[in-house]
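K.L.:
What follows is target-v3.txt, made up of compact mmCIF, C-alpha atoms:
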# COMPACT_ATOMS: atom_id res chain seq x y z
CA MET A 1 26.92 -42.09 7.68
CA ILE A 2 26.19 -39.45 5.00
CA LYS A 3 22.44 -39.97 5.39
CA SER A 4 22.74 -39.62 9.19
CA ALA A 5 24.76 -36.41 8.90
CA LEU A 6 22.27 -34.98 6.43
CA LEU A 7 19.39 -35.87 8.75
CA LEU A 8 21.08 -34.06 11.64
CA VAL A 9 21.58 -30.94 9.49
CA LEU A 10 17.92 -30.98 8.42
CA MET A 11 16.77 -31.44 12.02
CA ALA A 12 18.93 -28.52 13.17
CA ALA A 13 17.64 -26.34 10.31
CA THR A 14 14.06 -27.24 11.18
CA ALA A 15 14.64 -26.32 14.84
CA VAL A 16 16.07 -22.93 13.90
CA ALA A 17 13.25 -22.31 11.44
CA GLY A 18 10.75 -23.04 14.20
CA LEU A 19 12.03 -20.14 16.27
CA GLY A 20 10.28 -16.83 15.96
CA PHE A 21 10.15 -13.45 17.61
CA GLU A 22 7.68 -10.60 17.67
CA THR A 23 8.08 -7.20 19.27
CA THR A 24 6.40 -3.80 19.06
CA GLN A 25 8.05 -0.38 19.01
CA THR A 26 6.37 3.03 19.07
CA LEU A 27 7.52 6.29 17.48
CA THR A 28 6.07 9.79 17.95
CA LEU A 29 6.73 13.09 16.18
CA PRO A 30 5.02 16.44 16.96
CA ALA A 31 2.97 17.50 13.94
CA GLU A 32 3.48 21.26 14.30
CA GLY A 33 4.76 22.67 11.00
CA VAL A 34 4.34 19.34 9.16
CA THR A 35 2.26 19.37 5.96
CA LYS A 36 3.18 15.99 4.44
CA ILE A 37 4.33 12.54 5.49
CA GLU A 38 6.55 10.34 3.30
CA VAL A 39 6.44 6.65 4.15
CA THR A 40 8.91 4.06 2.89
CA ALA A 41 7.91 0.52 3.85
CA GLY A 42 9.07 -2.97 2.92
CA ALA A 43 7.33 -6.27 3.64
CA GLY A 44 4.40 -6.13 6.07
CA PHE A 45 1.08 -4.36 6.30
CA LEU A 46 0.82 -0.56 6.32
CA LYS A 47 -2.19 1.34 7.65
CA VAL A 48 -2.33 5.16 7.63
CA SER A 49 -5.33 6.88 9.25
CA GLY A 50 -6.09 10.59 9.43
CA VAL A 51 -7.51 11.78 12.75
CA GLU A 52 -9.14 15.17 13.36
CA GLY A 53 -7.27 17.21 15.95
CA ALA A 54 -4.25 14.92 16.22
CA GLY A 55 -1.27 16.95 17.44
CA ALA A 56 1.35 14.32 16.66
CA ILE A 57 2.22 11.56 14.24
CA GLU A 58 2.10 8.23 16.04
CA VAL A 59 3.55 4.98 14.71
CA LYS A 60 3.20 1.47 16.07
CA ALA A 61 5.71 -0.86 14.42
CA GLY A 62 5.30 -4.60 14.84
CA ILE A 63 8.54 -6.43 14.01
CA ASN A 64 8.01 -10.11 13.21
CA VAL A 65 10.92 -12.45 12.44
CA ASP A 66 10.98 -16.21 11.92
CA GLY A 67 14.20 -18.12 12.59
CA VAL A 68 15.50 -15.85 15.35
CA GLY A 69 15.30 -16.59 19.07
CA ASP A 70 14.74 -14.10 21.89
CA LYS A 71 18.43 -13.78 22.75
CA ASP A 72 19.40 -12.98 19.14
CA MET A 73 16.59 -10.55 18.39
CA GLU A 74 18.32 -7.41 19.66
CA ALA A 75 21.31 -8.03 17.38
CA TYR A 76 19.02 -8.87 14.44
CA ILE A 77 17.05 -5.63 14.86
CA LYS A 78 20.25 -3.61 15.03
CA ASP A 79 21.68 -5.20 11.87
CA HIS A 80 18.55 -5.65 9.74
CA VAL A 81 15.68 -3.39 10.83
CA GLU A 82 15.52 0.17 9.57
CA LEU A 83 12.95 2.08 11.61
CA GLU A 84 12.87 5.86 12.01
CA LEU A 85 10.50 8.81 12.15
CA ARG A 86 12.02 12.26 11.66
CA LYS A 87 11.19 15.74 10.40
CA ALA A 88 12.79 17.19 7.26
CA GLY A 89 11.55 20.76 6.77
CA SER A 90 7.76 20.55 6.59
CA THR A 91 7.83 16.82 5.79
CA ALA A 92 7.66 13.92 8.23
CA VAL A 93 9.77 10.99 7.02
CA LEU A 94 8.89 7.47 8.18
CA VAL A 95 10.96 4.43 7.22
CA GLY A 96 10.04 0.92 8.34
CA ARG A 97 11.61 -2.04 6.56
CA ILE A 98 13.98 -5.00 6.79
CA ARG A 99 17.51 -4.44 5.47
CA GLU A 100 18.85 -7.64 3.91
CA HIS A 101 22.61 -7.86 3.61
CA GLY A 102 25.27 -10.51 3.85
CA PHE A 103 24.83 -14.28 3.52
CA SER A 104 22.62 -16.42 5.71
CA PHE A 105 22.31 -20.22 5.53
CA MET A 106 18.74 -20.10 6.76
CA PRO A 107 16.57 -17.52 4.95
CA ARG A 108 14.29 -15.67 7.34
CA ASP A 109 10.70 -14.54 6.92
CA ALA A 110 10.73 -11.05 8.42
CA GLN A 111 8.44 -8.05 8.17
CA VAL A 112 7.63 -4.72 9.77
CA ASP A 113 3.91 -3.97 10.22
CA LEU A 114 3.17 -0.24 10.49
CA THR A 115 0.07 1.38 11.97
CA VAL A 116 0.27 5.17 11.54
CA ILE A 117 -1.95 7.93 12.95
CA VAL A 118 -1.58 11.36 11.31
CA PRO A 119 -3.41 14.70 11.49
CA LYS A 120 -6.29 14.69 9.04
CA GLY A 121 -4.93 17.56 6.92
CA LEU A 122 -1.60 15.97 5.98
CA ALA A 123 -0.73 14.92 2.45
CA VAL A 124 0.49 11.32 2.26
CA GLU A 125 3.16 9.85 -0.02
CA ILE A 126 3.91 6.12 0.18
CA ASP A 127 6.58 3.88 -1.35
CA ASP A 128 5.62 0.33 -0.34
CA GLY A 129 7.18 -3.02 -1.10
CA SER A 130 4.66 -5.75 -0.34
CA GLY A 131 1.78 -6.49 1.98
CA GLU A 132 -1.66 -5.03 2.61
CA LEU A 133 -1.92 -1.24 2.44
CA ALA A 134 -4.76 0.95 3.72
CA VAL A 135 -5.12 4.75 3.78
CA SER A 136 -8.19 6.55 5.12
CA GLY A 137 -9.48 9.82 6.50
CA VAL A 138 -6.90 12.31 5.18
CA THR A 139 -7.88 15.55 3.46
CA GLY A 140 -4.55 16.11 1.71
CA GLY A 141 -3.57 14.41 -1.53
CA VAL A 142 -2.38 10.80 -1.53
CA ARG A 143 0.34 9.25 -3.74
CA ILE A 144 1.05 5.51 -3.57
CA LYS A 145 3.74 3.47 -5.31
CA ASP A 146 3.27 -0.18 -4.43
CA GLY A 147 4.93 -3.43 -5.45
CA SER A 148 2.36 -6.05 -4.49
CA GLY A 149 -0.49 -6.60 -2.08
CA GLU A 150 -4.06 -5.40 -1.62
CA ILE A 151 -4.67 -1.62 -1.54
CA GLU A 152 -7.64 0.02 0.15
CA VAL A 153 -8.16 3.80 0.07
CA ARG A 154 -11.16 5.52 1.65
CA ASP A 155 -12.36 9.04 2.48
CA ILE A 156 -9.66 11.16 0.81
CA GLY A 157 -10.05 14.93 0.60
CA GLY A 158 -7.65 15.57 -2.31
CA ASP A 159 -6.28 13.95 -5.46
CA LEU A 160 -5.26 10.28 -5.45
CA TRP A 161 -2.46 8.70 -7.52
CA ILE A 162 -1.65 4.96 -7.42
CA ASP A 163 1.07 3.05 -9.28
CA ASP A 164 0.63 -0.63 -8.42
CA GLY A 165 2.41 -3.76 -9.59
CA SER A 166 -0.04 -6.46 -8.57
CA GLY A 167 -2.90 -6.97 -6.16
CA GLY A 168 -6.46 -5.74 -5.86
CA ILE A 169 -7.28 -2.04 -5.52
CA GLU A 170 -10.37 -0.70 -3.74
CA VAL A 171 -11.11 3.05 -3.67
CA ASP A 172 -14.20 4.58 -2.05
CA GLY A 173 -14.67 8.30 -1.48
CA VAL A 174 -12.23 10.74 -3.12
CA ARG A 175 -12.97 14.46 -3.29
CA GLY A 176 -10.61 15.13 -6.17
CA ASN A 177 -9.17 13.43 -9.25
CA VAL A 178 -7.93 9.82 -9.33
CA GLU A 179 -5.22 8.29 -11.50
CA ILE A 180 -4.40 4.57 -11.30
CA ILE A 181 -1.63 2.68 -13.11
CA ASP A 182 -2.09 -1.01 -12.42
CA GLY A 183 -0.26 -4.14 -13.55
CA SER A 184 -2.68 -6.85 -12.50
CA GLY A 185 -5.53 -7.42 -10.07
CA GLU A 186 -9.14 -6.38 -9.62
CA THR A 187 -9.88 -2.63 -9.43
CA ASP A 188 -13.00 -1.25 -7.74
CA VAL A 189 -13.52 2.55 -7.62
CA GLN A 190 -16.59 4.43 -6.43
CA ASN A 191 -17.70 7.84 -5.14
CA VAL A 192 -15.12 10.08 -6.84
CA THR A 193 -16.03 13.74 -7.36
CA GLY A 194 -13.42 14.48 -10.05
CA ASP A 195 -11.96 12.76 -13.12
CA LEU A 196 -10.77 9.16 -13.12
CA ALA A 197 -8.00 7.76 -15.35
CA ILE A 198 -6.97 4.09 -15.31
CA ASP A 199 -4.15 2.37 -17.21
CA ASP A 200 -4.64 -1.31 -16.47
CA GLY A 201 -2.82 -4.46 -17.57
CA SER A 202 -5.17 -7.24 -16.50
CA GLY A 203 -8.00 -7.84 -14.07
CA GLY A 204 -11.62 -6.79 -13.84
CA ILE A 205 -12.55 -3.13 -13.38
CA SER A 206 -15.70 -1.87 -11.63
CA LEU A 207 -16.45 1.87 -11.50
CA GLN A 208 -19.48 3.56 -9.94
CA LYS A 209 -20.51 7.14 -9.14
CA ILE A 210 -17.71 9.08 -10.82
CA GLY A 211 -18.44 12.82 -11.04
CA GLY A 212 -16.03 13.75 -13.85
CA THR A 213 -14.68 12.11 -17.01
CA VAL A 214 -13.57 8.47 -17.02
CA THR A 215 -10.61 7.51 -19.23
CA ILE A 216 -9.56 3.86 -19.41
CA GLU A 217 -6.76 2.05 -21.21
CA ASP A 218 -7.30 -1.60 -20.45
CA GLY A 219 -5.58 -4.83 -21.43
CA SER A 220 -7.85 -7.67 -20.35
CA GLY A 221 -10.66 -8.35 -17.90
CA SER A 222 -14.28 -7.33 -17.53
CA LEU A 223 -15.20 -3.64 -17.44
CA ASP A 224 -18.32 -2.40 -15.62
CA ILE A 225 -19.03 1.35 -15.49
CA ASP A 226 -22.13 2.91 -13.95
CA ASP A 227 -23.19 6.48 -13.08
CA VAL A 228 -20.66 8.87 -14.65
CA GLY A 229 -21.17 12.63 -14.63
CA LYS A 230 -19.25 13.42 -17.84
CA ASP A 231 -17.69 11.42 -20.69
CA VAL A 232 -16.40 7.85 -20.74
CA ARG A 233 -13.40 7.25 -22.98
CA ILE A 234 -12.23 3.68 -23.49
CA LYS A 235 -8.93 3.99 -25.32
CA HIS A 236 -8.22 0.28 -25.61
CA LYS A 237 -10.01 -2.90 -24.67
CA GLY A 238 -8.45 -6.34 -24.99
CA SER A 239 -10.53 -9.30 -23.84
CA GLY A 240 -13.46 -9.35 -21.43
CA SER A 241 -17.01 -8.02 -21.30
CA VAL A 242 -17.84 -4.29 -21.33
CA ASP A 243 -20.93 -2.83 -19.63
CA VAL A 244 -21.41 0.97 -19.55
CA THR A 245 -24.59 2.51 -18.09
CA ASN A 246 -25.94 5.86 -16.83
CA VAL A 247 -23.40 8.14 -18.51
CA ARG A 248 -24.45 11.77 -18.71
CA GLY A 249 -21.80 12.64 -21.28
CA LYS A 250 -20.54 10.76 -24.33
CA VAL A 251 -19.23 7.20 -24.51
CA ILE A 252 -16.19 7.20 -26.79
CA ARG A 253 -14.54 3.95 -27.85
Now that the file is in, can you turn its structure into structure tokens?

P.N.:
Amino acid sequence: MIKSALLLVLMAATAVAGLGFETTQTLTLPAEGVTKIEVTAGAGFLKVSGVEGAGAIEVKAGINVDGVGDKDMEAYIKDHVELELRKAGSTAVLVGRIREHGFSFMPRDAQVDLTVIVPKGLAVEIDDGSGELAVSGVTGGVRIKDGSGEIEVRDIGGDLWIDDGSGGIEVDGVRGNVEIIDGSGETDVQNVTGDLAIDDGSGGISLQKIGGTVTIEDGSGSLDIDDVGKDVRIKHKGSGSVDVTNVRGKVIR
């Protein structure tokens, strides 16, 4: 009897877990008077693209939830999904994340995927939980604080700052200075006009075509540096190979 009851519970749980729902919502905010966008995101991918001549900030939010059927989705979104785009002075504020509260017998896999179009001249500031993150085509500065997931940044017209917990980082094309604080994961940076500073816990580092000074504090992992316009300063190196070539300034270890 106990085994039969347990089997019924497991079958019911499996049926609920098999349910899933996906919906898309769009948000728009006129960009007049806006100089910066602040994005707070939870689980899910985040893509921010700068577009020349864009007169508005446009957001496509894909809400994906496992364990919730069609008829329950409206209530789930109301209780658990935080999604808004508003203006605060000269800053656009975008929030897209799942709010977890209360007790649920069946844990749910839920995420909000954000695709964001912004005017090219905006500065971008991101606080991201987990999932893939990509920023490209903006001429303002970019600041990223990320928990986990791959980060890709391309074609930035100002300074770039990244504080990342774990996951690979790929940077290509920054017309300014770059500072990266990284816990773990591979880091690949190229085509930076200014200085580059990296404080890295673990994971290989590859740097190429850096116009200014390179400063690295590294725990473990291989280090490959090529084509640097000024000095290279390696403050600390744990384990892993080191290869430094084509430096027009000094190499200081």

K.L.:
If I take atom CA of A:Thr215 and atom CA of A:Ile180, how far is one from the other in Å, to one decimal?

P.N.:
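Those two atoms sit 10.5 Å apart.
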
K.L.:
Take atom CA of A:His236 and atom CA of A:Asp188 and report the distance between them in Å, one decimal.

P.N.:
18.6 Å

K.L.:
Skip A:Ile126 itself and residues of its chain fewer than 4 positions away, then list as a VMD selection string all residues within 12 Å of it, counting all atoms listed in the file.

P.N.:
chain A and resid 36 to 42 46 to 48 92 to 96 116 130 133 to 135 141 to 147 151 160 to 164

K.L.:
So, counting all atoms listed in the file, which residue among A:Leu207, A:Glu32, A:Glu22, A:Gly53 is closest to A:Asp70?

P.N.:
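Selected residue with least distance to A:Asp70: A:Glu22.
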
K.L.:
Need the shell around A:Ala43: protein/DNA/RNA residues with any atom at most 10 Å away, counting all atoms listed in the file. Skip same-chain ones fewer than 4 positions apart. Format as a VMD selection string?

P.N.:
chain A and resid 96 to 98 109 to 113 128 to 132 147 to 149

K.L.:
By how many Å are atom CA of A:Val242 and atom CA of A:Asp159 apart?

P.N.:
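We find that atom CA of A:Val242 and atom CA of A:Asp159 lie 26.8 Å from each other.
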
K.L.:
Out of A:Gly183, A:Asp224, A:Lys235, A:Val214, which residue has the shortest atom-to-atom distance to A:Lys250 when counting all atoms listed in the file?

P.N.:
A:Val214

K.L.:
Check the smallest atom-to-atom distance from each of A:Lys120, A:Lys78, A:Arg248, A:Arg154 to A:Lys230 using all atoms listed in the file, then report the winner.

P.N.:
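Looking only at the distances to A:Lys230, the closest residue turns out to be A:Arg248.
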
K.L.:
Give me the residues within 12 Å of A:Thr245 as an mmCIF file with C-alpha atoms, keeping the file's coordinate frame, counting only C-alpha atoms and dropping any in the same chain fewer than 4 places off.

P.N.:
data_model
loop_
_atom_site.group_PDB
_atom_site.id
_atom_site.type_symbol
_atom_site.label_atom_id
_atom_site.label_comp_id
_atom_site.auth_asym_id
_atom_site.auth_seq_id
_atom_site.Cartn_x
_atom_site.Cartn_y
_atom_site.Cartn_z
ATOM 1 C CA SER A 206 -15.700 -1.870 -11.630
ATOM 2 C CA LEU A 207 -16.450 1.870 -11.500
ATOM 3 C CA GLN A 208 -19.480 3.560 -9.940
ATOM 4 C CA LYS A 209 -20.510 7.140 -9.140
ATOM 5 C CA ILE A 210 -17.710 9.080 -10.820
ATOM 6 C CA LEU A 223 -15.200 -3.640 -17.440
ATOM 7 C CA ASP A 224 -18.320 -2.400 -15.620
ATOM 8 C CA ILE A 225 -19.030 1.350 -15.490
ATOM 9 C CA ASP A 226 -22.130 2.910 -13.950
ATOM 10 C CA ASP A 227 -23.190 6.480 -13.080
ATOM 11 C CA VAL A 228 -20.660 8.870 -14.650
ATOM 12 C CA GLY A 229 -21.170 12.630 -14.630
ATOM 13 C CA ASP A 231 -17.690 11.420 -20.690
ATOM 14 C CA VAL A 232 -16.400 7.850 -20.740
ATOM 15 C CA GLY A 249 -21.800 12.640 -21.280
ATOM 16 C CA LYS A 250 -20.540 10.760 -24.330
ATOM 17 C CA VAL A 251 -19.230 7.200 -24.510
#

K.L.:
Could you tell me which of A:Val244, A:Ile181, A:Ile216, A:Ile252 comes closest to A:Gly165 if we count only C-alpha atoms?

P.N.:
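Under the stated criterion, the closest residue is A:Ile181.
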
K.L.:
Hey, what's within 8 Å of A:Thr193 if we count all atoms listed in the file and toss same-chain stuff fewer than 4 positions away? As a list in words, please?

P.N.:
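In the requested format, the answer is Val174, Arg175, Gly176, Asn177, Ile210, Gly211 and Gly212 of chain A.
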
K.L.:
Which residues come within 10 Å of A:Phe21, counting only C-alpha atoms, excluding same-chain residues fewer than 5 positions away, as a PyMOL selection string?

P.N.:
chain A and resi 63-73+110
